[in-house]
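**Student:** Following this line is structure_9.cif, made up of mmCIF, C-alpha atoms and all ligand atoms:
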```cif
data_protein
loop_
_atom_site.label_atom_id
_atom_site.label_comp_id
_atom_site.auth_asym_id
_atom_site.auth_seq_id
_atom_site.Cartn_x
_atom_site.Cartn_y
_atom_site.Cartn_z
CA MET A 582 7.05 -2.54 7.90
CA ARG A 583 3.89 -1.80 9.84
CA LEU A 584 1.67 0.37 7.65
CA GLY A 585 -0.78 2.88 9.12
CA ILE A 586 -3.65 3.66 6.71
CA ILE A 587 -5.64 6.77 7.57
CA SER A 588 -8.89 7.86 5.91
CA ALA A 589 -11.01 10.84 6.90
CA LEU A 590 -14.45 9.44 6.08
CA ALA A 591 -16.06 6.02 6.47
CA GLU A 592 -16.77 5.79 2.72
CA GLU A 593 -13.07 6.21 1.99
CA GLN A 594 -12.16 3.26 4.20
CA HIS A 595 -14.88 1.06 2.78
CA GLY A 596 -13.73 -2.51 2.19
CA LEU A 597 -10.31 -2.23 3.80
CA ILE A 598 -11.52 -3.23 7.26
CA GLU A 599 -13.28 -6.30 5.77
CA ALA A 600 -10.10 -7.21 3.88
CA LEU A 601 -7.97 -7.34 7.05
CA GLU A 602 -7.00 -10.88 8.06
CA SER A 603 -6.93 -11.83 11.75
CA PRO A 604 -8.28 -8.39 12.65
CA TYR A 605 -8.04 -6.89 16.11
CA LYS A 606 -9.73 -3.70 17.25
CA LEU A 607 -8.75 -1.10 19.79
CA VAL A 608 -10.65 2.06 20.67
CA HIS A 609 -8.53 4.96 21.83
CA GLY A 610 -9.21 8.69 21.93
CA MET A 611 -12.60 8.35 20.20
CA ARG A 612 -11.20 6.43 17.25
CA GLU A 613 -11.34 2.76 16.34
CA TYR A 614 -8.01 1.30 15.21
CA THR A 615 -8.26 -2.02 13.35
CA GLY A 616 -5.05 -3.97 12.85
CA GLY A 617 -4.28 -7.17 10.97
CA LYS A 618 -2.74 -8.43 7.75
CA LEU A 619 -3.67 -6.61 4.56
CA TRP A 620 -2.50 -8.77 1.64
CA GLU A 621 0.42 -9.92 3.84
CA ILE A 622 1.32 -6.44 5.04
CA ASP A 623 1.06 -5.75 8.74
CA ALA A 624 -1.41 -2.83 8.79
CA VAL A 625 -3.52 -0.65 11.08
CA CYS A 626 -6.53 1.19 9.58
CA VAL A 627 -8.25 4.14 11.21
CA LEU A 628 -10.64 6.99 10.48
CA SER A 629 -9.03 10.26 11.46
CA ARG A 630 -12.26 12.30 11.33
CA ILE A 631 -12.11 15.63 9.57
CA GLY A 632 -9.55 18.42 9.85
CA LYS A 633 -5.92 19.04 10.70
CA VAL A 634 -6.06 18.53 14.47
CA ALA A 635 -8.01 15.29 14.09
CA ALA A 636 -5.52 14.03 11.52
CA ALA A 637 -2.46 15.06 13.55
CA MET A 638 -3.79 13.31 16.63
CA THR A 639 -4.51 10.13 14.68
CA ALA A 640 -1.10 10.04 13.01
CA SER A 641 0.67 10.58 16.35
CA ILE A 642 -1.26 7.77 18.04
CA LEU A 643 -0.59 5.41 15.12
CA VAL A 644 3.13 5.94 15.58
CA GLU A 645 3.38 6.15 19.35
CA LYS A 646 0.79 3.56 20.43
CA PHE A 647 0.58 1.20 17.46
CA GLY A 648 4.21 1.36 16.37
CA VAL A 649 3.51 1.97 12.69
CA THR A 650 6.66 2.59 10.64
CA HIS A 651 4.99 4.07 7.52
CA ILE A 652 1.77 6.02 6.96
CA VAL A 653 -0.47 6.35 3.92
CA PHE A 654 -3.42 8.74 3.86
CA THR A 655 -6.20 7.89 1.39
CA GLY A 656 -9.15 10.15 0.76
CA VAL A 657 -10.92 12.59 -1.52
CA ALA A 658 -10.10 16.20 -2.34
CA GLY A 659 -11.24 19.21 -4.33
CA SER A 660 -9.42 20.04 -7.55
CA GLY A 661 -6.90 22.88 -7.38
CA ASP A 662 -6.03 23.00 -11.07
CA LYS A 663 -8.00 23.09 -14.31
CA ASN A 664 -6.21 19.99 -15.62
CA VAL A 665 -7.12 17.97 -12.52
CA LYS A 666 -10.62 16.53 -13.11
CA VAL A 667 -13.18 14.80 -10.93
CA GLY A 668 -12.25 11.11 -10.92
CA ASP A 669 -8.51 11.75 -11.32
CA ILE A 670 -6.10 10.87 -8.53
CA VAL A 671 -3.51 13.24 -7.07
CA VAL A 672 -0.51 11.74 -5.29
CA ALA A 673 1.21 14.36 -3.14
CA GLU A 674 4.87 15.19 -3.51
CA GLU A 675 4.60 18.15 -1.13
CA LEU A 676 1.97 19.39 1.34
CA VAL A 677 1.22 22.92 2.55
CA GLN A 678 -1.05 24.14 5.38
CA HIS A 679 -2.83 26.81 3.34
CA ASP A 680 -4.49 28.43 6.36
CA PHE A 681 -1.25 28.81 8.34
CA ASP A 682 -0.06 32.41 8.53
CA ALA A 683 2.22 33.65 11.32
CA SER A 684 3.39 36.65 9.30
CA PRO A 685 5.09 38.99 9.83
CA LEU A 686 7.00 36.84 12.35
CA PHE A 687 7.41 34.08 9.76
CA PRO A 688 6.66 33.99 6.03
CA GLN A 689 3.08 33.02 5.16
CA PHE A 690 2.64 29.18 5.17
CA GLU A 691 5.92 28.57 7.06
CA ILE A 692 5.55 26.32 10.10
CA PRO A 693 7.50 28.04 12.89
CA LEU A 694 10.71 26.35 14.04
CA THR A 695 10.76 23.88 11.16
CA GLY A 696 11.86 26.46 8.61
CA LEU A 697 9.49 24.76 6.14
CA SER A 698 6.28 25.71 4.43
CA ARG A 699 6.19 22.53 2.37
CA PHE A 700 6.64 19.01 3.70
CA ALA A 701 7.84 16.41 1.21
CA THR A 702 6.35 12.92 1.04
CA ASP A 703 8.51 9.80 0.99
CA THR A 704 9.75 9.20 -2.54
CA ALA A 705 9.57 5.39 -2.53
CA LEU A 706 6.05 5.20 -1.06
CA THR A 707 4.86 7.95 -3.40
CA GLU A 708 6.34 6.18 -6.43
CA ARG A 709 4.58 2.91 -5.56
CA LEU A 710 1.25 4.55 -4.83
CA ALA A 711 1.37 6.51 -8.07
CA ALA A 712 2.17 3.32 -10.00
CA ALA A 713 -0.72 1.50 -8.30
CA ALA A 714 -3.10 4.41 -8.94
CA ALA A 715 -2.14 4.70 -12.61
CA GLN A 716 -3.79 1.33 -13.19
CA THR A 717 -7.08 2.76 -11.92
CA THR A 718 -7.32 6.27 -13.38
CA ARG A 719 -5.37 9.38 -14.50
CA VAL A 720 -2.73 10.35 -11.94
CA HIS A 721 -1.15 13.74 -11.19
CA ARG A 722 1.76 14.31 -8.84
CA GLY A 723 2.59 17.51 -7.04
CA MET A 724 1.45 19.86 -4.30
CA ILE A 725 -1.66 19.39 -2.14
CA ALA A 726 -2.80 22.04 0.33
CA SER A 727 -4.74 21.37 3.52
CA GLY A 728 -6.73 23.65 5.82
CA ASP A 729 -9.63 23.59 8.22
CA GLN A 730 -12.15 24.67 5.58
CA PHE A 731 -14.25 22.89 3.01
CA ILE A 732 -13.44 24.91 -0.12
CA GLY A 733 -16.82 25.30 -1.77
CA LYS A 734 -16.79 28.78 -3.29
CA LEU A 735 -15.21 29.79 -6.56
CA ALA A 736 -13.65 32.89 -4.96
CA GLN A 737 -11.98 30.74 -2.29
CA ILE A 738 -10.31 28.35 -4.70
CA GLN A 739 -9.26 31.21 -6.95
CA ALA A 740 -7.59 32.99 -4.02
CA LEU A 741 -5.78 29.83 -2.99
CA LYS A 742 -4.58 29.20 -6.53
CA ALA A 743 -3.29 32.78 -6.76
CA ALA A 744 -1.30 32.32 -3.53
CA LEU A 745 -0.08 28.81 -4.43
CA PRO A 746 0.11 28.55 -8.25
CA ASP A 747 1.36 24.93 -8.30
CA LEU A 748 -1.63 23.75 -6.25
CA LEU A 749 -3.20 20.51 -7.56
CA ALA A 750 -5.73 19.65 -4.85
CA VAL A 751 -7.28 20.95 -1.63
CA GLU A 752 -8.33 18.88 1.37
CA MET A 753 -8.38 19.09 5.16
CA GLU A 754 -5.87 16.62 6.63
CA GLY A 755 -2.83 15.71 4.54
CA ALA A 756 -0.48 18.52 5.53
CA ALA A 757 -1.13 17.88 9.22
CA VAL A 758 -0.12 14.23 8.83
CA ALA A 759 2.90 15.47 6.87
CA GLN A 760 4.08 17.68 9.72
CA VAL A 761 3.65 14.94 12.33
CA CYS A 762 5.51 12.42 10.15
CA PHE A 763 8.29 14.93 9.46
CA GLU A 764 8.73 15.62 13.17
CA LEU A 765 8.65 11.92 14.11
CA GLY A 766 10.79 10.76 11.17
CA ILE A 767 8.09 8.51 9.65
CA PRO A 768 7.93 8.00 5.86
CA PHE A 769 4.45 8.86 4.59
CA ALA A 770 2.41 9.41 1.43
CA VAL A 771 -0.93 11.00 0.58
CA ILE A 772 -3.27 9.90 -2.19
CA ARG A 773 -6.49 11.74 -3.01
CA THR A 774 -9.23 11.02 -5.51
CA ILE A 775 -10.74 14.26 -6.83
CA SER A 776 -14.38 14.45 -5.72
CA ASP A 777 -15.27 18.03 -6.69
CA ASN A 778 -13.94 21.24 -8.22
CA ALA A 779 -13.79 23.17 -4.93
CA ASN A 780 -16.21 25.69 -6.47
CA ASP A 781 -19.87 26.56 -5.97
CA ASP A 782 -20.99 23.02 -6.93
CA ALA A 783 -18.49 21.34 -4.60
CA ALA A 784 -20.85 20.23 -1.83
CA VAL A 785 -23.26 18.44 -4.18
CA ASP A 786 -20.56 16.79 -6.31
CA PHE A 787 -18.70 15.69 -3.22
CA MET A 788 -21.60 13.81 -1.61
CA HIS A 789 -22.45 12.00 -4.83
CA PHE A 790 -18.87 11.10 -5.59
CA ILE A 791 -17.77 9.63 -2.29
CA LYS A 792 -20.72 7.26 -2.29
CA THR A 793 -20.15 6.02 -5.83
CA VAL A 794 -16.50 6.14 -6.89
CA ALA A 795 -14.11 7.21 -4.14
CA SER A 796 -14.49 4.16 -1.94
CA ARG A 797 -13.78 1.77 -4.80
CA TYR A 798 -10.74 3.69 -6.00
CA ALA A 799 -9.14 3.83 -2.56
CA PHE A 800 -9.65 0.12 -2.08
CA ASP A 801 -8.23 -0.83 -5.50
CA VAL A 802 -5.15 1.34 -5.09
CA ILE A 803 -4.34 0.12 -1.59
CA GLU A 804 -4.82 -3.51 -2.64
CA ARG A 805 -2.40 -3.11 -5.54
CA PHE A 806 0.03 -1.13 -3.41
CA CYS A 807 0.10 -3.85 -0.72
CA ARG A 808 0.38 -6.75 -3.15
CA GLU A 809 3.27 -5.11 -4.97
CA HIS A 810 4.91 -3.97 -1.76
CA VAL A 811 5.09 -7.41 -0.18
CA GLY A 812 8.10 -8.47 -2.20
CA SER A 813 10.05 -5.36 -1.27
CA VAL A 814 9.87 -5.38 2.54
N1 LIG A 901 -20.31 16.53 4.44
C1 LIG A 901 -19.19 15.73 4.85
C2 LIG A 901 -18.07 16.70 5.17
C3 LIG A 901 -16.83 16.27 4.56
S1 LIG A 901 -15.58 17.50 4.66
C4 LIG A 901 -19.56 14.91 6.03
O1 LIG A 901 -20.50 15.27 6.74
O2 LIG A 901 -18.97 13.86 6.28
C5 LIG A 901 -14.67 17.10 3.26
C6 LIG A 901 -13.71 15.96 3.36
O3 LIG A 901 -13.25 15.62 2.06
C7 LIG A 901 -12.47 16.30 4.15
O4 LIG A 901 -12.00 15.16 4.81
C8 LIG A 901 -11.48 16.82 3.08
O5 LIG A 901 -10.18 16.32 3.28
C9 LIG A 901 -12.03 16.29 1.74
N2 LIG A 901 -12.42 17.28 0.73
C10 LIG A 901 -13.06 16.96 -0.43
N3 LIG A 901 -13.32 18.05 -1.16
C11 LIG A 901 -12.85 19.12 -0.47
C12 LIG A 901 -12.87 20.54 -0.71
N4 LIG A 901 -13.44 21.06 -1.80
N5 LIG A 901 -12.33 21.34 0.23
C13 LIG A 901 -11.78 20.81 1.34
N6 LIG A 901 -11.76 19.49 1.63
C14 LIG A 901 -12.28 18.63 0.73
#
```
Represent the structure of the file as structure tokens.
**Tutor:**
Amino acid sequence: MRLGIISALAEEQHGLIEALESPYKLVHGMREYTGGKLWEIDAVCVLSRIGKVAAAMTASILVEKFGVTHIVFTGVAGSGDKNVKVGDIVVAEELVQHDFDASPLFPQFEIPLTGLSRFATDTALTERLAAAAAQTTRVHRGMIASGDQFIGKLAQIQALKAALPDLLAVEMEGAAVAQVCFELGIPFAVIRTISDNANDDAAVDFMHFIKTVASRYAFDVIERFCREHVGSV
């Protein structure tokens, strides 16, 4: 296994780079890729930057240039359900691009020529991440939607929830990584700590949260995931 770990923001990657043993760095396409051993797992960590194109580019480069065999995305997200609270973790089982709409040529949300509107995560990786996360906080599993918008208005999140009733969280990268991994045949998983309620208070909650809690959660979960994964690969 060579594990690619993508985060969107520097705070989300906090600690992982320092934890890499025998690190090496390579700058490519305006991103810094840092490889090395992460608790005995061969890993490459990178910041994708924000949004679907940025995330798709980063995932593709991880696979094609760095030869990663598995990808995990760690980050924060807005809540998409009343039972999903700030500080909870959502582990994706499926991802949707909520701003994709080629109707009437294709059904809303369907990605042309794949026949899919939802991309499933790898079951084994998802299982292990959820188990690791459950030792840190409350964990939900289900659908996450991504789009090139920070959802920070109550009307926006309500409209999304009406269109996608099983929505658990909203963010800006996961579904893009999902499509790339689907097309390249790479097992992947997405884990998101809830930073805000994707409503009118979202921007303030978000800034506070990523500085205080999100970085620690991501680090703890990845550490546990790697330590428990070593025996199985
Ligand atoms: N002000 C920040 C912008 C971050 S954008 C900055 O300057 O760095 C929000 C990031 O967190 C994205 O990577 C997205 O995936 C995630 N996210 C958290 N809450 C979100 C929400 N309510 N809507 C969309 N994305 C959200």
**Student:** From the set A:Asp777, A:Glu645, A:Glu809, A:Asp662, which residue has the shortest atom-to-atom contact distance to Phe790 in chain A, counting all atoms listed in the file?
**Tutor:**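 Of A:Asp777, A:Glu645, A:Glu809, A:Asp662, the one nearest Phe790 in chain A is A:Asp777, counting all atoms listed in the file.
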**Student:** How would you report the residues lying within 6 Å of ligand LIG 901 (chain A), as number ranges by chain, if you count only C-alpha atoms and all ligand atoms?
**Tutor:** A: 589, 631, 657-659, 730-733, 751-754, 776-777, 779, 783
**Student:** Give me the residues near Asn664 in chain A as a list in words, where near means some atom within 10 Å (using all atoms listed in the file) and where sequence neighbours in that chain fewer than 5 positions away do not count.
**Tutor:** Asp669, His721 and Leu749 of chain A
**Student:** When you count all atoms listed in the file, which of these residues is closest to Ser660 in chain A: A:Phe800, A:Phe687, A:Phe787, A:Trp620?
**Tutor:**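 Closest residue, counting all atoms listed in the file: A:Phe787.
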**Student:** Between A:Leu601, A:Leu706, A:Val761, A:Ile586, which is the closest to Met638 in chain A once you count all atoms listed in the file?
**Tutor:**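 Closest to Met638 in chain A, using all atoms listed in the file: A:Val761.
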**Student:** For each of A:Val608, A:Lys633, A:Phe763, A:Pro746, take the minimum atom-to-atom distance to Asp703 in chain A, counting only C-alpha atoms, then give the residue where this is smallest.
**Tutor:** A:Phe763
**Student:** Taking into account all atoms listed in the file, which residue in the set A:Glu675, A:Ala757, A:Gly632, A:Gln689 is nearest to Thr707 in chain A?
**Tutor:**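 Comparing A:Glu675, A:Ala757, A:Gly632, A:Gln689 against Thr707 in chain A, the winner is A:Glu675.
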**Student:** For Glu593 in chain A, please output as JSON, numbers by chain all residues within 12 Å (counting all atoms listed in the file; exclusion window: fewer than 5 positions along the same chain).
**Tutor:** {"A": [586, 587, 588, 598, 626, 627, 628, 629, 630, 654, 655, 656, 657, 658, 772, 773, 774, 776, 788, 790, 791, 792, 793, 794, 795, 796, 797, 798, 799, 800, 801, 802, 803]}
